[in-house]
There are 2 protein chains.
Amino acid sequence: MKFLNKNLLKKIAKLEKVEYRFLEKQISKGRVVIPLNKKYANKKYVAIGDGLKIKINTNIGTSTEHLQIHDEIKKLETAIKYGTDTAMDLSTAGDLDKIRKKIIHASTVPIGTVPIYQAAVIAEKKYGDFTKMRFDDIWDVLKIQAEDGVDFFTIHAGILKKALKILTKNKRVGGIVSRGGAILARWMYINNAENPLYENFDAILELAKEYNITLSLGDALRPGAIADSTDKLQLFELNVLSELVKKALKKEVQVLVEGPGHILLNQIPYNVYLEKKLCFSVPFYILGPLPIDIAAGYDHISASIGGAIAALFGANFLCVVTPAEHLRHPTIDDIKEGVIAARIAAHSVDVLNFEDEWRKDYQLSLYRAKRKWADQFSILLDKEKAQKYHNLQNKIDVCSMCGKFCSLKIIETCKLLK
Amino acid sequence: MKFLNKNLLKKIAKLEKVEYRFLEKQISKGRVVIPLNKKYANKKYVAIGDGLKIKINTNIGTSTEHLQIHDEIKKLETAIKYGTDTAMDLSTAGDLDKIRKKIIHASTVPIGTVPIYQAAVIAEKKYGDFTKMRFDDIWDVLKIQAEDGVDFFTIHAGILKKALKILTKNKRVGGIVSRGGAILARWMYINNAENPLYENFDAILELAKEYNITLSLGDALRPGAIADSTDKLQLFELNVLSELVKKALKKEVQVLVEGPGHILLNQIPYNVYLEKKLCFSVPFYILGPLPIDIAAGYDHISASIGGAIAALFGANFLCVVTPAEHLRHPTIDDIKEGVIAARIAAHSVDVLNFEDEWRKDYQLSLYRAKRKWADQFSILLDKEKAQKYHNLQNKIDVCSMCGKFCSLKIIETCKLLK
């Protein structure tokens, strides 16, 4: 905990409304992480893990089809405005070093990356084919990104050659839906070699320790269809991740574990339990999960259902899923919709555990009962939308839903309410 | 079950993918209802209750601020298009008889109403104040609506004078948020008399039996703020509803019970258990529930979280909550958003119990893995939105999210997938 000094922890404990000693203990046990590169590139710190409020992450970054840096910065700003706790730069096109530096510079929240993306992009340019990439190429990217101040790395070290055998023998509906996972699977298949991130995990741990980079162990084999939920492949990888978590904890490297994906509703609780059990209760970072597959265009809503249940049962960190998931590179509006949906899921659990969060809803409801509209809007997750919706009519002190039959107004003069 | 003949039940059993004998047994025990006025005004039947797919209802109808019949018909059509199973006409302004007739005529799904609304509107005109309304006025409305072919009535017979005493003695944050409940509370308060719907419940049962109208026992005292979840008042009313359910079952009148409202996430399962236990396992019709209060503008998402959990634990019938909830009379687009969010919640539970529902996601995922876009869209809850999102780029066979780094495409040539 060399880079997490007492003053910083006190500040975070205060923000999180928990005791300093509790926070310190959770960190020492690996149950809480504070993604924070020793370069201190960002202005806001965030703690993620058991006993703390649920955090959310938003993915931004260019794709080969959309590579305007400006748009990605706007997405970052939008995500922060609506309450993201961290952001990940998943860019795969354009000047990747420049984009990352700009994002880190513009961000007030910790920034994560998936270094294998940049390594693959560089290898494509250098060798004409990313499968010709060597670990040295990956290492160069890790070093550059660490120096730039990235706070957490997703490392897909859990997908092994053996997993590919399992994959060919066990029918999977959704295949591999992790980009990093697919890159590594293809690399292993073509080179008939073991996952370089797994083989060199000790070196990666050293680097992470040096820069105080939190390792987020990627779930390359997460199910991408509910038909694949909690299948052999997912569980195989989870066991490898368990081994890697152990190594990281031993070296005092901050670590968290990424989770699925597409998971049937009634399987979400035990997916969380299993991850917590096998991975020594390190923070669980969950993508969704989506309890159904047929809601493309509305996957932010499916993810909100899955995320709320996952968080209720112990997941700590929710990855924003936007309405664009499975369909297109997200727009700024998609990011906004996704962040708000994830915040709703997070808040639905935070109100159960944190007085200050519960109090927001309490205060809102008092204002609502008295039809103090402007006061209500100030507390809402999206005051602009509420204002726009309500302002369609503004001559009455009720809303246009019930009009003069507003239940609150009807009983107001009855002196039934305190 | 005089109006539910064997042929009809066989047809419904087939639609529901359950055995005829099972359906018949569930109906005889009151665990399943089929809202169906003997006038057979609608063309589609629907069964609601334990062992069947989750159903959803959409509220439409004019308010004193918006009274275009045309818009309400469009909302009905929109709700049906996106998969509502029933609709309720909650109109409180304009020519109510005409509106209801038009809605019933236009509908292919069962129609419900809250007759106390029309009774109050008529009493306002007749006496200048709805609290001057007598039971005869309510009775006239019940008769007219029954004759028109309404399939289910929401009857707020569970709010009693005693409840008003509890209300004044126990601080409530959200007050009374049911329109019917507020109308009756004011009526009882001003007249110092017992709830006329409770007092005359036997007569209402007779009428319901005569027309085969399903009674939906309204939760006039549902919490309207998470601070009020599962409070004394809510539980008091639930006990009264239990007594009324017993009476209805005895008279072989189809009955279901309405439920909250705003309920903390971890209280949703036992709210469902309690309702099922106290109300003899008759179908549970739940409004939301919303696990947080501060998401106005996005309450369809909060309701989707609450609805999915409620349905997982036994709720049978979800009431659509739109993004307009708490803010304005919903537009056609609001209705669409709300219906889709409720369908997502319902489907997330149906995939667990019904092979044909699960198969939709299975097929979708197979198409997705092969990037057969048109085939995917045909299965989605909203194909137009997906098409619009994806079509922003159409020269490549991947989506613009990952572009050339599409995980599915990367591993395609690896022969890793069956």
# chains A, B, ... in the order shown; residues from 1 in each chain; ligands from 1
>>> residues_around(residues="A:Phe22", least_positions_apart="5", cutoff="12 Å", atoms="only C-alpha atoms", output="list in words")
Leu9, Lys10, Ile12, Ala13, Lys14, Glu16, Lys17, Ile27, Ser28, Lys29, Arg31, Val32, Gly49, Asp50, Gly51 and Leu52 of chain A
>>> write_last_selection(atoms="all heavy atoms", output="short mmCIF file (atom, residue, chain, number, x, y, z; two decimals), in the first residue's frame")
data_model
loop_
_atom_site.label_atom_id
_atom_site.label_comp_id
_atom_site.auth_asym_id
_atom_site.auth_seq_id
_atom_site.Cartn_x
_atom_site.Cartn_y
_atom_site.Cartn_z
N LEU A 9 -6.33 7.78 2.29
CA LEU A 9 -7.34 6.83 2.77
C LEU A 9 -8.37 7.52 3.65
O LEU A 9 -9.57 7.20 3.60
CB LEU A 9 -6.68 5.68 3.53
CG LEU A 9 -5.84 4.70 2.71
CD1 LEU A 9 -5.56 3.43 3.51
CD2 LEU A 9 -6.50 4.35 1.39
N LYS A 10 -7.92 8.46 4.44
CA LYS A 10 -8.87 9.19 5.31
C LYS A 10 -9.87 9.97 4.46
O LYS A 10 -11.06 10.03 4.76
CB LYS A 10 -8.10 10.14 6.24
CG LYS A 10 -7.51 9.40 7.42
CD LYS A 10 -7.10 10.35 8.53
CE LYS A 10 -6.73 9.54 9.78
NZ LYS A 10 -6.00 10.33 10.77
N ILE A 12 -10.75 9.28 1.40
CA ILE A 12 -11.66 8.34 0.73
C ILE A 12 -12.69 7.77 1.71
O ILE A 12 -13.87 7.65 1.39
CB ILE A 12 -10.86 7.22 0.03
CG1 ILE A 12 -10.07 7.81 -1.13
CG2 ILE A 12 -11.78 6.10 -0.45
CD1 ILE A 12 -9.13 6.85 -1.82
N ALA A 13 -12.24 7.45 2.93
CA ALA A 13 -13.16 6.92 3.94
C ALA A 13 -14.29 7.92 4.19
O ALA A 13 -15.46 7.55 4.31
CB ALA A 13 -12.41 6.62 5.22
N LYS A 14 -13.94 9.18 4.21
CA LYS A 14 -14.92 10.23 4.45
C LYS A 14 -15.93 10.29 3.28
O LYS A 14 -17.14 10.36 3.48
CB LYS A 14 -14.20 11.57 4.59
CG LYS A 14 -14.97 12.59 5.42
CD LYS A 14 -14.14 13.83 5.67
CE LYS A 14 -15.04 14.97 6.12
NZ LYS A 14 -14.29 16.23 6.22
N GLU A 16 -16.64 7.94 1.31
CA GLU A 16 -17.42 6.70 1.25
C GLU A 16 -18.32 6.51 2.46
O GLU A 16 -19.09 5.54 2.52
CB GLU A 16 -16.47 5.50 1.13
CG GLU A 16 -15.78 5.38 -0.22
CD GLU A 16 -16.70 4.85 -1.32
OE1 GLU A 16 -17.69 4.18 -0.98
OE2 GLU A 16 -16.42 5.12 -2.49
N LYS A 17 -18.22 7.41 3.43
CA LYS A 17 -19.01 7.31 4.67
C LYS A 17 -18.72 5.99 5.41
O LYS A 17 -19.63 5.31 5.86
CB LYS A 17 -20.52 7.40 4.40
CG LYS A 17 -20.93 8.44 3.39
CD LYS A 17 -21.18 9.77 4.01
CE LYS A 17 -21.51 10.80 2.95
NZ LYS A 17 -21.40 12.17 3.41
N ILE A 27 -8.67 -2.93 2.40
CA ILE A 27 -7.60 -2.84 1.40
C ILE A 27 -6.51 -3.87 1.69
O ILE A 27 -6.04 -4.57 0.79
CB ILE A 27 -7.01 -1.41 1.36
CG1 ILE A 27 -8.07 -0.43 0.81
CG2 ILE A 27 -5.75 -1.36 0.50
CD1 ILE A 27 -7.69 1.03 0.93
N SER A 28 -6.17 -4.00 2.95
CA SER A 28 -5.09 -4.93 3.30
C SER A 28 -5.47 -6.38 2.99
O SER A 28 -4.63 -7.20 2.67
CB SER A 28 -4.71 -4.79 4.78
OG SER A 28 -5.72 -5.35 5.58
N LYS A 29 -6.76 -6.66 3.03
CA LYS A 29 -7.22 -8.01 2.71
C LYS A 29 -7.49 -8.19 1.21
O LYS A 29 -7.90 -9.27 0.77
CB LYS A 29 -8.50 -8.33 3.48
CG LYS A 29 -8.26 -8.47 4.97
CD LYS A 29 -9.47 -9.08 5.65
CE LYS A 29 -9.13 -9.47 7.08
NZ LYS A 29 -10.21 -10.14 7.77
N ARG A 31 -9.89 -6.75 -0.33
CA ARG A 31 -11.34 -6.69 -0.59
C ARG A 31 -11.77 -5.35 -1.18
O ARG A 31 -12.90 -5.18 -1.62
CB ARG A 31 -12.10 -6.96 0.71
CG ARG A 31 -11.98 -8.40 1.10
CD ARG A 31 -12.67 -8.72 2.39
NE ARG A 31 -12.46 -10.12 2.71
CZ ARG A 31 -12.75 -10.68 3.86
NH1 ARG A 31 -13.28 -9.96 4.82
NH2 ARG A 31 -12.52 -11.95 4.06
N VAL A 32 -10.86 -4.39 -1.09
CA VAL A 32 -11.11 -3.08 -1.69
C VAL A 32 -9.87 -2.68 -2.48
O VAL A 32 -8.75 -2.92 -2.03
CB VAL A 32 -11.41 -2.02 -0.60
CG1 VAL A 32 -11.32 -0.60 -1.15
CG2 VAL A 32 -12.80 -2.25 0.01
N GLY A 49 -15.11 -1.99 -3.78
CA GLY A 49 -15.05 -3.28 -3.08
C GLY A 49 -16.11 -3.44 -2.01
O GLY A 49 -17.02 -2.60 -1.85
N ASP A 50 -16.00 -4.53 -1.28
CA ASP A 50 -17.01 -4.88 -0.27
C ASP A 50 -17.13 -3.84 0.84
O ASP A 50 -16.12 -3.37 1.38
CB ASP A 50 -16.66 -6.23 0.37
CG ASP A 50 -16.93 -7.40 -0.58
OD1 ASP A 50 -17.51 -7.16 -1.66
OD2 ASP A 50 -16.55 -8.54 -0.24
N GLY A 51 -18.35 -3.50 1.17
CA GLY A 51 -18.60 -2.54 2.25
C GLY A 51 -18.69 -1.11 1.77
O GLY A 51 -18.94 -0.20 2.55
N LEU A 52 -18.46 -0.91 0.48
CA LEU A 52 -18.50 0.45 -0.08
C LEU A 52 -19.66 0.57 -1.07
O LEU A 52 -20.26 -0.42 -1.45
CB LEU A 52 -17.18 0.76 -0.80
CG LEU A 52 -15.91 0.57 0.03
CD1 LEU A 52 -14.69 0.90 -0.81
CD2 LEU A 52 -15.95 1.43 1.29
#
>>> residues_around(residues="B:Leu352", least_positions_apart="6", cutoff="9 Å", atoms="only C-alpha atoms", output="PyMOL selection string")
(chain A and resi 264-266) or (chain B and resi 358)
>>> residues_around(residues="A:Leu364", least_positions_apart="4", cutoff="7 Å", atoms="only C-alpha atoms", output="VMD selection string")
(chain A and resid 360 368 376 379) or (chain B and resid 294)
>>> interface_residues(of="chain A", to="chain B", cutoff="6 Å", atoms="only C-alpha atoms", output="PyMOL selection string")
chain A and resi 63-65+168+171+173-174+177+179+182+186+225+291-295+297+301+305+327-329+348+361+365-366+369+380-381+386+390+399-403+407+411+416-418
>>> atom_distance(atom1="atom CA of B:His105", atom2="atom CA of B:Lys39")
12.0 Å
>>> closest_residue(among="A:Gln68, A:Asn7, A:Thr131, A:Thr86", to="A:Cys319", atoms="only C-alpha atoms")
A:Thr86
>>> residues_around(residues="B:Tyr82", least_positions_apart="3", cutoff="7 Å", atoms="only C-alpha atoms", output="list in words")
Thr78, Ala79, Lys336, Val339 and Ile340 of chain B
>>> residues_around(residues="A:Ile103", least_positions_apart="6", cutoff="9 Å", atoms="only C-alpha atoms", output="list in words")
Gly61, Ile69, Glu72, Ile73, Leu76, Asp89 and Ile111 of chain A
>>> select_by_dssp(residues="stretch 277-344 of chain A", states="strand (DSSP E or B)", output="ChimeraX atom specification")
/A:284-287,290,317-319
>>> atom_distance(atom1="atom CA of B:Ala310", atom2="atom CA of B:Ile268")
6.0 Å
>>> select_by_dssp(residues="stretch 242-303 of chain B", states="alpha helix (DSSP H)", output="list in words")
Ser242, Glu243, Leu244, Val245, Lys246, Lys247, Ala248, Leu249, Lys250, Ile268, Pro269, Tyr270, Asn271, Val272, Tyr273, Leu274, Glu275, Lys276, Lys277, Leu278, Asp299, His300, Ile301, Ser302 and Ala303 of chain B
>>> write_last_selection(atoms="C-alpha atoms", output="mmCIF file, in the first residue's frame")
data_model
loop_
_atom_site.group_PDB
_atom_site.id
_atom_site.type_symbol
_atom_site.label_atom_id
_atom_site.label_comp_id
_atom_site.auth_asym_id
_atom_site.auth_seq_id
_atom_site.Cartn_x
_atom_site.Cartn_y
_atom_site.Cartn_z
ATOM 1 C CA SER B 242 -57.006 -10.960 2.082
ATOM 2 C CA GLU B 243 -60.509 -10.946 3.560
ATOM 3 C CA LEU B 244 -61.991 -9.674 0.276
ATOM 4 C CA VAL B 245 -60.127 -12.287 -1.782
ATOM 5 C CA LYS B 246 -61.649 -14.966 0.426
ATOM 6 C CA LYS B 247 -65.133 -13.626 -0.251
ATOM 7 C CA ALA B 248 -64.514 -13.468 -3.975
ATOM 8 C CA LEU B 249 -63.140 -17.013 -4.105
ATOM 9 C CA LYS B 250 -66.149 -18.241 -2.166
ATOM 10 C CA ILE B 268 -39.435 -7.176 -2.987
ATOM 11 C CA PRO B 269 -39.221 -10.972 -2.507
ATOM 12 C CA TYR B 270 -41.007 -10.994 0.841
ATOM 13 C CA ASN B 271 -43.606 -8.528 -0.400
ATOM 14 C CA VAL B 272 -44.482 -11.091 -3.042
ATOM 15 C CA TYR B 273 -44.434 -13.995 -0.563
ATOM 16 C CA LEU B 274 -46.644 -12.086 1.837
ATOM 17 C CA GLU B 275 -49.198 -11.206 -0.809
ATOM 18 C CA LYS B 276 -49.293 -14.798 -2.052
ATOM 19 C CA LYS B 277 -49.598 -16.152 1.465
ATOM 20 C CA LEU B 278 -52.292 -13.771 2.701
ATOM 21 C CA ASP B 299 -38.815 5.079 -13.950
ATOM 22 C CA HIS B 300 -39.392 2.492 -16.678
ATOM 23 C CA ILE B 301 -35.864 1.278 -15.897
ATOM 24 C CA SER B 302 -36.363 1.260 -12.129
ATOM 25 C CA ALA B 303 -39.642 -0.583 -12.651
#
>>> closest_residue(among="A:Gly158, A:Met188, A:Glu199, A:Lys209", to="A:Gln234", atoms="only C-alpha atoms")
A:Gly158
>>> atom_distance(atom1="atom CA of B:Ile204", atom2="atom CA of B:Ile286")
22.6 Å
>>> residues_around(residues="A:Lys38", least_positions_apart="6", cutoff="8 Å", atoms="only C-alpha atoms", output="VMD selection string")
chain A and resid 3 149 211 to 213
>>> write_last_selection(atoms="C-alpha atoms", output="PDB file, in the first residue's frame")
ATOM      1  CA  PHE A   3       1.150   4.666  -2.777  1.00  0.00           C
ATOM      2  CA  GLY A 149      -0.593   7.099 -15.854  1.00  0.00           C
ATOM      3  CA  TYR A 211       3.299   1.772 -10.856  1.00  0.00           C
ATOM      4  CA  ASN A 212       0.553   0.836  -8.422  1.00  0.00           C
ATOM      5  CA  ILE A 213      -1.626  -0.197 -11.322  1.00  0.00           C
TER       6      ILE A 213
END
>>> closest_residue(among="B:Ala87, B:Leu36, B:Ala193, B:Ile60", to="B:Ile159", atoms="only C-alpha atoms")
B:Ala193
